[in-house]
Amino acid sequence: MKNFKVITFLLFGLIIFSCQTEEIETELSNENQELITEEVLAKLTNMGFDITNYPVRVSKEGYTVEEDILIPREEVERRDISSKQRYLSVMTCSNARNVRIQNSLPPGVARRAYASAINSWNAVGNSLIRLVNVTSNPDIIVRSDNGSLPSNVLGQGEFPSGGRAGGLIIINTSLVLNVSQWRSTIQHEIGHNIGFSHTNMLDFGNPISGTPRVDDNSLMNGGRGGTVRNLTTGDKNALRALYGRNNASSICN
Ligand SMILES: [Zn+2]
């Protein structure tokens, strides 16, 4: 998995998507006698159906998607839900205690969001993780993509390899975002570099036990680019599962 990279945070389409999803849920709950749960909607989305442009209808046979495709209830119910915390690889516990990270972003809004993005990970209780800001010899360098990322991608991280944090985070600095959005983006990419894959990607990464079956508000939900301000309880528990301070069963070793 050396230098395994993940394209993250498809930007605007997905931000719009998540907003629209909420509206659809509200409409559905008004129109249908039976509420279509968030979990069912998440599963249908994971199955690849467009629930944004084609509202889901429910009947006793099942769920009708994209106007004319009927999915039997059992088919939806037996599906595993994918919006769960997952990891791909970890640092050693020892390396997790001192992750040297350097801010090489150009002056601007993204650069200003960096410190608070680091602090959000350091602030999680009972975790070994300490990201330490340095100006040389970093484990992780955070820099501009210099135009290399597609225009709809916010940033890109790397997973740990050889027991060390992923070495590079690039940020699409040609995008115009506010501090909060950049903070969320940098936080998210750091999540990759310390081991987390996306909560919303089925079959990519190992599910982390002790986290919710569904956690759509997770910082590591790749479909919510730049919109998640805080780690969820599930995210914090996932961090402790990987790098718990007093946990002999931590996944790091
Ligand atoms: Zn990502």
# chains A, B, ... in the order shown; residues from 1 in each chain; ligands from 1

$ residues_near_ligand --ligand "ligand 1" --cutoff "10 Å" --atoms "only C-alpha atoms and all ligand atoms" --output "PyMOL selection string"
chain A and resi 5-10+153-158+185-193+196-201+219-225

$ write_last_selection --atoms "N, CA and C atoms" --output "CSV table (one decimal), in the first residue's frame"
chain,number,residue,atom,x,y,z
A,5,LYS,N,-2.9,6.3,-2.7
A,5,LYS,CA,-3.5,7.6,-2.6
A,5,LYS,C,-5.0,7.5,-2.9
A,6,VAL,N,-5.7,8.4,-2.3
A,6,VAL,CA,-7.1,8.4,-2.5
A,6,VAL,C,-7.6,9.8,-2.9
A,7,ILE,N,-8.4,9.8,-3.9
A,7,ILE,CA,-9.0,11.0,-4.4
A,7,ILE,C,-10.1,11.3,-3.4
A,8,THR,N,-10.2,12.5,-2.9
A,8,THR,CA,-11.2,12.7,-1.9
A,8,THR,C,-12.0,13.9,-2.2
A,9,PHE,N,-13.2,13.9,-1.6
A,9,PHE,CA,-14.0,15.0,-1.5
A,9,PHE,C,-14.4,15.6,-2.9
A,10,LEU,N,-15.2,14.9,-3.6
A,10,LEU,CA,-15.7,15.5,-4.9
A,10,LEU,C,-16.6,16.6,-4.4
A,153,VAL,N,-12.2,18.6,-6.9
A,153,VAL,CA,-11.6,17.8,-5.8
A,153,VAL,C,-10.9,18.8,-4.8
A,154,LEU,N,-11.3,18.7,-3.5
A,154,LEU,CA,-10.8,19.6,-2.5
A,154,LEU,C,-9.4,19.3,-2.1
A,155,GLY,N,-9.1,18.0,-1.9
A,155,GLY,CA,-7.7,17.7,-1.4
A,155,GLY,C,-7.5,16.2,-1.6
A,156,GLN,N,-6.3,15.8,-1.2
A,156,GLN,CA,-5.9,14.4,-1.3
A,156,GLN,C,-4.9,14.1,-0.2
A,157,GLY,N,-5.1,12.9,0.4
A,157,GLY,CA,-4.2,12.5,1.4
A,157,GLY,C,-3.6,11.2,1.0
A,158,GLU,N,-2.7,10.6,1.9
A,158,GLU,CA,-2.1,9.3,1.7
A,158,GLU,C,-2.2,8.5,3.0
A,185,THR,N,-11.7,20.3,5.4
A,185,THR,CA,-10.9,19.6,4.4
A,185,THR,C,-9.6,19.1,5.0
A,186,ILE,N,-8.9,20.0,5.6
A,186,ILE,CA,-7.6,19.6,6.1
A,186,ILE,C,-7.7,18.5,7.2
A,187,GLN,N,-8.7,18.7,8.1
A,187,GLN,CA,-9.0,17.7,9.1
A,187,GLN,C,-9.2,16.3,8.4
A,188,HIS,N,-10.1,16.4,7.4
A,188,HIS,CA,-10.4,15.1,6.7
A,188,HIS,C,-9.2,14.5,6.1
A,189,GLU,N,-8.4,15.3,5.5
A,189,GLU,CA,-7.2,14.7,4.8
A,189,GLU,C,-6.2,14.1,5.9
A,190,ILE,N,-6.1,14.8,7.0
A,190,ILE,CA,-5.3,14.3,8.1
A,190,ILE,C,-5.8,12.9,8.5
A,191,GLY,N,-7.1,12.8,8.5
A,191,GLY,CA,-7.8,11.5,8.8
A,191,GLY,C,-7.3,10.4,7.9
A,192,HIS,N,-7.1,10.7,6.6
A,192,HIS,CA,-6.5,9.6,5.7
A,192,HIS,C,-5.1,9.3,6.1
A,193,ASN,N,-4.3,10.4,6.4
A,193,ASN,CA,-2.9,10.2,6.6
A,193,ASN,C,-2.6,9.5,7.9
A,196,PHE,N,-7.5,6.5,8.3
A,196,PHE,CA,-9.0,6.3,8.0
A,196,PHE,C,-9.3,6.3,6.5
A,197,SER,N,-10.1,5.4,6.1
A,197,SER,CA,-10.7,5.5,4.7
A,197,SER,C,-12.1,6.1,4.9
A,198,HIS,N,-12.8,6.2,3.8
A,198,HIS,CA,-14.1,6.9,3.9
A,198,HIS,C,-15.2,6.0,4.6
A,199,THR,N,-16.0,6.7,5.4
A,199,THR,CA,-17.1,6.0,6.0
A,199,THR,C,-18.2,5.5,4.9
A,200,ASN,N,-18.2,6.2,3.8
A,200,ASN,CA,-19.3,6.0,2.9
A,200,ASN,C,-18.9,5.1,1.7
A,201,MET,N,-17.7,4.5,1.8
A,201,MET,CA,-17.2,3.6,0.7
A,201,MET,C,-17.3,2.1,1.1
A,219,LEU,N,-16.8,13.0,9.8
A,219,LEU,CA,-15.8,13.8,9.1
A,219,LEU,C,-15.3,13.0,7.9
A,220,MET,N,-15.2,11.7,8.1
A,220,MET,CA,-14.6,10.9,7.0
A,220,MET,C,-15.6,10.4,6.0
A,221,ASN,N,-16.8,11.0,6.0
A,221,ASN,CA,-17.8,10.7,4.9
A,221,ASN,C,-17.3,11.5,3.7
A,222,GLY,N,-16.8,10.8,2.7
A,222,GLY,CA,-16.2,11.4,1.5
A,222,GLY,C,-17.3,12.2,0.6
A,223,GLY,N,-18.5,12.0,1.0
A,223,GLY,CA,-19.6,12.7,0.2
A,223,GLY,C,-20.0,14.0,0.8
A,224,ARG,N,-19.3,14.4,1.9
A,224,ARG,CA,-19.7,15.6,2.6
A,224,ARG,C,-18.6,16.7,2.6
A,225,GLY,N,-17.8,16.7,1.5
A,225,GLY,CA,-16.6,17.5,1.4
A,225,GLY,C,-16.7,18.9,2.0

$ residues_around --residues "Ile69 of chain A" --least-positions-apart "4" --cutoff "12 Å" --atoms "only C-alpha atoms" --output "PyMOL selection string"
chain A and resi 44+49-51+54-58+61-65

$ select_by_dssp --residues "segment 33-171 of chain A" --states "strand (DSSP E)" --output "PyMOL selection string"
chain A and resi 57-58+62-65+69-72+86-87+99-104+131-134+140-144+153-158+168-171

$ write_last_selection --atoms "N, CA and C atoms" --output "tab-separated table (two decimals), in the first residue's frame"
chain	number	residue	atom	x	y	z
A	57	ARG	N	-40.02	6.02	-3.71
A	57	ARG	CA	-41.39	5.74	-3.26
A	57	ARG	C	-41.40	4.39	-2.54
A	58	VAL	N	-42.23	4.31	-1.54
A	58	VAL	CA	-42.29	3.07	-0.77
A	58	VAL	C	-43.66	2.42	-0.91
A	62	GLY	N	-41.83	-2.95	-1.75
A	62	GLY	CA	-40.44	-2.51	-1.65
A	62	GLY	C	-40.30	-1.04	-1.97
A	63	TYR	N	-39.14	-0.68	-2.48
A	63	TYR	CA	-38.82	0.72	-2.76
A	63	TYR	C	-38.67	0.92	-4.27
A	64	THR	N	-39.36	1.93	-4.78
A	64	THR	CA	-39.24	2.22	-6.20
A	64	THR	C	-38.25	3.37	-6.37
A	65	VAL	N	-37.21	3.10	-7.18
A	65	VAL	CA	-36.17	4.11	-7.38
A	65	VAL	C	-36.09	4.46	-8.86
A	69	ILE	N	-37.88	1.41	-11.07
A	69	ILE	CA	-37.15	0.21	-10.64
A	69	ILE	C	-37.60	-0.16	-9.23
A	70	LEU	N	-38.23	-1.32	-9.11
A	70	LEU	CA	-38.69	-1.75	-7.80
A	70	LEU	C	-37.63	-2.65	-7.15
A	71	ILE	N	-37.17	-2.23	-5.97
A	71	ILE	CA	-36.21	-3.05	-5.22
A	71	ILE	C	-36.96	-3.68	-4.05
A	72	PRO	N	-37.02	-5.02	-4.01
A	72	PRO	CA	-37.74	-5.67	-2.91
A	72	PRO	C	-37.15	-5.28	-1.56
A	86	ARG	N	-14.00	3.33	8.96
A	86	ARG	CA	-13.14	2.28	8.41
A	86	ARG	C	-11.69	2.75	8.41
A	87	TYR	N	-10.78	1.79	8.44
A	87	TYR	CA	-9.37	2.17	8.29
A	87	TYR	C	-8.70	1.27	7.28
A	99	VAL	N	3.50	12.89	15.69
A	99	VAL	CA	3.38	13.00	14.23
A	99	VAL	C	3.78	14.42	13.84
A	100	ARG	N	4.91	14.53	13.20
A	100	ARG	CA	5.42	15.86	12.84
A	100	ARG	C	4.72	16.32	11.55
A	101	ILE	N	4.10	17.47	11.61
A	101	ILE	CA	3.32	17.94	10.46
A	101	ILE	C	3.69	19.39	10.17
A	102	GLN	N	3.86	19.67	8.89
A	102	GLN	CA	4.36	20.99	8.48
A	102	GLN	C	3.36	21.70	7.57
A	103	ASN	N	3.13	22.96	7.86
A	103	ASN	CA	2.21	23.78	7.06
A	103	ASN	C	2.99	24.49	5.96
A	104	SER	N	2.91	23.94	4.75
A	104	SER	CA	3.58	24.59	3.62
A	104	SER	C	2.57	25.15	2.63
A	131	LEU	N	-0.38	15.47	16.95
A	131	LEU	CA	0.17	16.09	15.75
A	131	LEU	C	0.95	17.31	16.22
A	132	VAL	N	2.20	17.36	15.84
A	132	VAL	CA	3.07	18.42	16.33
A	132	VAL	C	3.51	19.27	15.14
A	133	ASN	N	3.21	20.55	15.23
A	133	ASN	CA	3.56	21.44	14.11
A	133	ASN	C	5.07	21.66	14.08
A	134	VAL	N	5.66	21.44	12.91
A	134	VAL	CA	7.11	21.63	12.77
A	134	VAL	C	7.39	22.46	11.53
A	140	ILE	N	4.40	14.54	7.85
A	140	ILE	CA	3.34	14.92	6.90
A	140	ILE	C	3.60	16.36	6.46
A	141	ILE	N	3.63	16.58	5.19
A	141	ILE	CA	3.71	17.96	4.71
A	141	ILE	C	2.37	18.31	4.06
A	142	VAL	N	1.85	19.49	4.37
A	142	VAL	CA	0.57	19.95	3.82
A	142	VAL	C	0.89	21.10	2.87
A	143	ARG	N	0.60	20.90	1.60
A	143	ARG	CA	0.95	21.95	0.64
A	143	ARG	C	-0.13	22.10	-0.43
A	144	SER	N	0.05	23.14	-1.24
A	144	SER	CA	-0.86	23.35	-2.36
A	144	SER	C	-0.70	22.23	-3.39
A	153	VAL	N	-12.16	18.57	-6.88
A	153	VAL	CA	-11.59	17.82	-5.76
A	153	VAL	C	-10.91	18.78	-4.79
A	154	LEU	N	-11.29	18.67	-3.53
A	154	LEU	CA	-10.79	19.60	-2.51
A	154	LEU	C	-9.36	19.31	-2.08
A	155	GLY	N	-9.06	18.04	-1.93
A	155	GLY	CA	-7.74	17.71	-1.42
A	155	GLY	C	-7.47	16.23	-1.58
A	156	GLN	N	-6.28	15.83	-1.20
A	156	GLN	CA	-5.91	14.42	-1.33
A	156	GLN	C	-4.93	14.07	-0.22
A	157	GLY	N	-5.15	12.92	0.39
A	157	GLY	CA	-4.23	12.46	1.41
A	157	GLY	C	-3.58	11.15	1.01
A	158	GLU	N	-2.75	10.64	1.91
A	158	GLU	CA	-2.10	9.34	1.70
A	158	GLU	C	-2.23	8.51	2.97
A	168	LEU	N	2.08	12.95	2.59
A	168	LEU	CA	1.72	14.17	1.85
A	168	LEU	C	0.22	14.43	1.91
A	169	ILE	N	-0.11	15.70	2.09
A	169	ILE	CA	-1.49	16.16	1.90
A	169	ILE	C	-1.43	17.31	0.92
A	170	ILE	N	-2.19	17.22	-0.16
A	170	ILE	CA	-2.27	18.36	-1.07
A	170	ILE	C	-3.69	18.91	-1.05
A	171	ILE	N	-3.74	20.22	-1.14
A	171	ILE	CA	-4.99	20.96	-1.01
A	171	ILE	C	-5.20	21.78	-2.27

$ residues_around --residues "Thr173 of chain A" --least-positions-apart "5" --cutoff "8 Å" --atoms "only C-alpha atoms" --output "number ranges by chain"
A: 110, 144-147

$ closest_residue --among "A:Ile194, A:Leu239, A:Leu149, A:Cys252" --to "Asn172 of chain A" --atoms "only C-alpha atoms"
A:Leu149

$ closest_residue --among "A:Thr52, A:Ser83, A:Ser180, A:Thr135" --to "Arg112 of chain A" --atoms "only C-alpha atoms"
A:Ser180

$ atom_distance --atom1 "atom CA of Cys93 of chain A" --atom2 "atom CA of Ala238 of chain A"
14.6 Å

$ closest_residue --among "A:Leu41, A:Met47, A:Val109, A:Ile118" --to "Asn230 of chain A" --atoms "only C-alpha atoms"
A:Ile118

$ atom_distance --atom1 "atom CA of Pro212 of chain A" --atom2 "atom CA of Thr232 of chain A"
10.3 Å
